[in-house]
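query_19.txt (compact mmCIF, C-alpha atoms and all ligand atoms)
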# COMPACT_ATOMS: atom_id res chain seq x y z
CA MET A 1 -2.54 23.66 24.90
CA SER A 2 1.23 23.33 24.60
CA ARG A 3 2.89 21.18 21.93
CA LYS A 4 3.93 18.65 24.52
CA GLY A 5 0.43 18.66 25.97
CA LYS A 6 -1.04 17.94 22.57
CA ARG A 7 1.42 15.15 22.00
CA PHE A 8 0.30 13.26 25.06
CA SER A 9 -3.28 14.47 25.38
CA LEU A 10 -5.51 11.52 26.08
CA GLY A 11 -8.71 13.51 25.53
CA ALA A 12 -9.63 11.52 22.43
CA TYR A 13 -9.46 8.28 24.43
CA ARG A 14 -11.61 9.79 27.18
CA ASN A 15 -14.22 10.91 24.66
CA ARG A 16 -14.12 7.43 23.12
CA ASN A 17 -14.83 5.79 26.46
CA GLU A 18 -17.76 8.14 27.10
CA MET A 19 -19.14 7.43 23.63
CA LEU A 20 -18.84 3.68 24.13
CA GLU A 21 -20.63 3.89 27.45
CA ARG A 22 -23.48 5.73 25.75
CA MET A 23 -23.53 2.96 23.15
CA GLY A 24 -24.00 0.39 25.91
CA PHE A 25 -20.44 -0.93 26.36
CA LYS A 26 -18.81 -1.20 29.75
CA ASN A 27 -15.48 0.10 28.51
CA TYR A 28 -13.14 -0.02 25.51
CA GLN A 29 -12.01 -3.57 26.27
CA ASP A 30 -15.65 -4.63 26.34
CA TYR A 31 -16.06 -3.07 22.89
CA LEU A 32 -12.89 -4.78 21.58
CA ASN A 33 -14.16 -8.17 22.77
CA GLY A 34 -17.61 -7.69 21.27
CA ASP A 35 -18.95 -9.17 18.04
CA LEU A 36 -19.40 -5.71 16.53
CA TRP A 37 -15.70 -4.88 16.65
CA LEU A 38 -14.58 -8.43 15.77
CA ASP A 39 -16.71 -8.23 12.65
CA ILE A 40 -15.44 -4.76 11.67
CA LYS A 41 -11.84 -5.82 12.30
CA ALA A 42 -12.24 -8.99 10.21
CA ARG A 43 -13.70 -6.94 7.37
CA VAL A 44 -10.86 -4.41 7.38
CA LEU A 45 -8.18 -7.11 7.59
CA PHE A 46 -9.86 -8.95 4.73
CA MET A 47 -9.81 -5.86 2.52
CA TYR A 48 -6.34 -4.69 3.53
CA LYS A 49 -4.11 -7.61 4.43
CA THR A 50 -0.86 -5.70 4.76
CA CYS A 51 0.31 -3.13 7.28
CA TYR A 52 -0.52 0.46 6.30
CA CYS A 53 2.91 1.53 7.57
CA CYS A 54 5.46 -1.12 6.66
CA GLY A 55 3.65 -3.31 4.11
CA GLN A 56 4.20 -6.54 6.08
CA LYS A 57 1.32 -8.82 7.06
CA ALA A 58 -1.15 -6.97 9.31
CA GLN A 59 -2.71 -8.42 12.45
CA LEU A 60 -4.43 -5.40 14.00
CA VAL A 61 -6.68 -2.54 13.01
CA HIS A 62 -5.88 0.98 14.14
CA HIS A 63 -8.61 3.54 14.83
CA MET A 64 -7.68 6.90 13.35
CA SER A 65 -10.82 8.29 14.89
CA TYR A 66 -13.28 7.28 17.58
CA GLU A 67 -16.29 9.03 16.09
CA LYS A 68 -19.52 7.08 16.43
CA ASP A 69 -19.70 6.10 12.74
CA VAL A 70 -16.15 4.70 12.94
CA LEU A 71 -16.94 2.73 16.10
CA LEU A 72 -20.03 1.35 14.38
CA GLY A 73 -18.04 0.31 11.31
CA LYS A 74 -19.82 2.77 9.05
CA ASN A 75 -16.65 4.64 8.13
CA LEU A 76 -13.95 2.12 7.27
CA LYS A 77 -11.66 4.81 5.84
CA MET A 78 -10.62 5.75 9.36
CA LEU A 79 -9.60 2.17 10.18
CA LYS A 80 -6.18 0.97 9.04
CA SER A 81 -4.72 -2.52 9.00
CA ILE A 82 -1.43 -2.52 10.84
CA CYS A 83 1.15 -4.97 12.24
CA HIS A 84 1.93 -5.40 15.95
CA ARG A 85 5.34 -3.78 15.67
CA CYS A 86 4.16 -0.62 13.88
CA HIS A 87 1.13 -0.32 16.16
CA GLU A 88 3.38 -0.39 19.20
CA SER A 89 5.69 2.19 17.69
CA ILE A 90 2.93 4.64 16.68
CA GLU A 91 0.99 4.55 19.95
CA PHE A 92 3.88 4.69 22.40
CA THR A 93 7.13 6.60 22.78
CA LYS A 94 10.38 4.70 23.32
CA ASP A 95 9.97 5.10 27.08
CA ASN A 96 6.50 3.60 26.83
CA GLN A 97 4.41 6.76 27.18
CA LYS A 98 1.05 6.63 25.45
CA LEU A 99 0.81 9.20 22.66
CA SER A 100 -2.27 11.20 21.79
CA LEU A 101 -4.42 9.90 18.96
CA HIS A 102 -3.36 12.89 16.88
CA SER A 103 0.36 12.09 17.33
CA ALA A 104 -0.19 8.38 16.72
CA ASN A 105 -1.95 9.13 13.44
CA GLY A 106 0.86 11.49 12.43
CA LYS A 107 3.48 8.89 13.20
CA MET A 108 1.55 6.28 11.24
CA LYS A 109 1.32 8.50 8.18
CA SER A 110 4.99 9.40 8.28
CA LEU A 111 6.00 5.73 8.50
CA ARG A 112 3.90 5.05 5.43
CA ASP A 113 5.16 8.10 3.54
CA ASN A 114 8.77 7.09 4.23
CA ARG A 115 8.17 3.61 2.89
CA LEU A 116 6.38 4.83 -0.25
CA HIS A 117 9.06 7.44 -0.88
CA LYS A 118 11.80 4.83 -0.54
CA ARG A 119 9.94 2.53 -2.93
CA SER A 120 9.51 5.19 -5.59
CA GLU A 121 13.20 6.14 -5.29
CA GLU A 122 14.17 2.51 -5.82
CA LYS A 123 11.85 2.29 -8.79
CA LYS A 124 13.42 5.40 -10.31
CA LYS A 125 16.90 3.97 -9.79
CA ARG A 126 15.89 0.69 -11.43
CA LYS A 127 14.43 2.55 -14.40
CA ILE A 128 17.62 4.55 -14.90
CA LYS A 129 19.64 1.32 -14.74
CA GLN A 130 17.39 -0.36 -17.31
CA ASN A 131 17.77 2.54 -19.69
CA GLN A 132 21.56 2.44 -19.58
CA PRO A 133 23.06 1.65 -23.00
CA PRO A 134 24.96 -1.64 -22.73
CA THR A 135 28.05 -0.80 -24.80
CA LEU A 136 27.45 2.59 -26.33
CA GLY A 137 29.30 4.50 -23.65
CA LEU A 138 27.34 7.66 -24.43
CA SER A 139 26.08 10.05 -21.83
CA PRO A 140 22.31 9.81 -21.29
CA PHE A 141 22.30 13.58 -21.52
CA SER A 142 23.62 13.64 -25.06
CA VAL A 143 21.51 13.79 -28.22
CA GLU A 144 23.46 10.87 -29.68
CA TYR A 145 22.47 8.69 -26.76
CA TRP A 146 18.73 9.19 -27.31
CA HIS A 147 19.13 8.77 -31.05
CA ALA A 148 20.93 5.46 -30.57
CA LYS A 149 18.34 4.43 -28.03
CA SER A 150 15.44 5.06 -30.38
CA LEU A 151 17.19 3.10 -33.16
CA GLU A 152 17.65 0.24 -30.73
CA ARG A 153 13.97 0.32 -29.87
CA ASP A 154 12.91 0.39 -33.53
CA LYS A 155 15.12 -2.59 -34.23
CA ALA A 156 13.57 -4.53 -31.36
CA ARG A 157 10.11 -3.71 -32.66
CA ILE A 158 10.87 -4.87 -36.20
CA HIS A 159 12.49 -8.02 -34.89
CA THR A 160 9.42 -8.91 -32.85
CA SER A 161 7.00 -8.29 -35.66
CA LYS A 162 9.10 -10.38 -38.09
CA ARG A 163 9.08 -13.23 -35.61
CA GLN A 164 5.35 -12.86 -35.14
CA MET A 165 4.84 -12.87 -38.90
CA ARG A 166 6.84 -16.07 -39.24
CA LYS A 167 4.79 -17.69 -36.52
CA LEU A 168 1.54 -16.59 -38.17
CA SER A 169 2.60 -17.83 -41.60
CA LYS A 170 3.22 -21.32 -40.21
CA MET A 171 -0.26 -21.53 -38.74
CA PRO A 172 -2.79 -23.34 -40.92
CA LEU A 173 -5.65 -21.24 -42.25
CA PRO A 174 -9.08 -21.94 -40.74
CA SER A 175 -10.19 -23.78 -43.89
CA GLN A 176 -7.09 -26.01 -43.78
CA ARG A 177 -7.75 -26.79 -40.16
CA LEU A 178 -11.32 -27.80 -40.96
CA ARG A 179 -10.14 -30.07 -43.76
CA GLY A 180 -7.68 -31.58 -41.33
CA ILE A 181 -10.47 -32.61 -38.99
CA LYS A 182 -12.56 -34.13 -41.78
CA GLY A 183 -9.67 -36.06 -43.30
ZN ZN B 1 3.95 -2.65 10.11

Kindly return the structure encoded in the file as structure tokens.
Amino acid sequence: MSRKGKRFSLGAYRNRNEMLERMGFKNYQDYLNGDLWLDIKARVLFMYKTCYCCGQKAQLVHHMSYEKDVLLGKNLKMLKSICHRCHESIEFTKDNQKLSLHSANGKMKSLRDNRLHKRSEEKKKRKIKQNQPPTLGLSPFSVEYWHAKSLERDKARIHTSKRQMRKLSKMPLPSQRLRGIKG
């Protein structure tokens, strides 16, 4: 099969329909309207409330596979909570052509990977910013910088423990507290 053929192959959907018929459903829509699917969908959306792709609130559940155990709700790993917008964008091309299940799954994963990558980059940037010395003006690549940084950290630690000690010393001892109640 050619690349293009694979991209738009609807074989997986055909197999799904055949499977559903064997399971006693009239068609896919009949399955989607049934209690079985409504229950599975509610369970997945309860466990994963945000969209697998974009992280916004999810309203739908995407089938990554139409194997029997997935259709029966026995393999929830292949079901992903997703929002309307992402679902539309993974299942259809811009000119509204239905993509194969394989392509839809690939698109879904890449949307998620992009988001997670962006998030980790932002986290890294924030961390670098936090570690910047306020007034030292030293390069983070210099030995002096890290030396100054560790001194700063030690100072902060000592300061905290001194404050904690002061707080502890003001607290009455258990025996004093007991006497307080009696008196
Ligand atoms: Zn989304």

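Of the residues listed (A:Leu99, A:Leu116, A:Leu79, A:Ala156), A:Leu79 shows the shortest atom-to-atom separation from Trp37 in chain A; distances use all atoms listed in the file.
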
Enumerate residues in contact with ligand ZN 1 (chain B): an atom-to-atom distance of at most 12 Å, counting all atoms listed in the file. Format the result as a ChimeraX atom specification.
/A:49-62,80-90,107-109,111-112,115

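If you look at CA of Ser9 in chain A and CA of Leu101 in chain A, they are 8.0 Å away from each other.
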
Spatial neighbours of Arg22 in chain A, 12 Å, all atoms listed in the file, chain gap at least 6 places, as a ChimeraX atom specification:
/A:15-16,28,31,68

Length of the CA of Glu91 in chain A to CA of Gly106 in chain A vector [Å]
10.2 Å

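In this structure, CA of Met64 in chain A sits 24.0 Å away from CA of Lys118 in chain A.
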
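Residues lying at most 9 Å from (-24.3, -1.5, 17.3) in file coordinates, with all atoms listed in the file considered, are A:Met23, A:Gly24, A:Leu36, A:Leu71, A:Leu72, A:Gly73.
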
Counting all atoms listed in the file, the residue of A:Ser65, A:Asp35, A:Leu10, A:Glu152 that sits nearest Gln97 in chain A:
A:Leu10
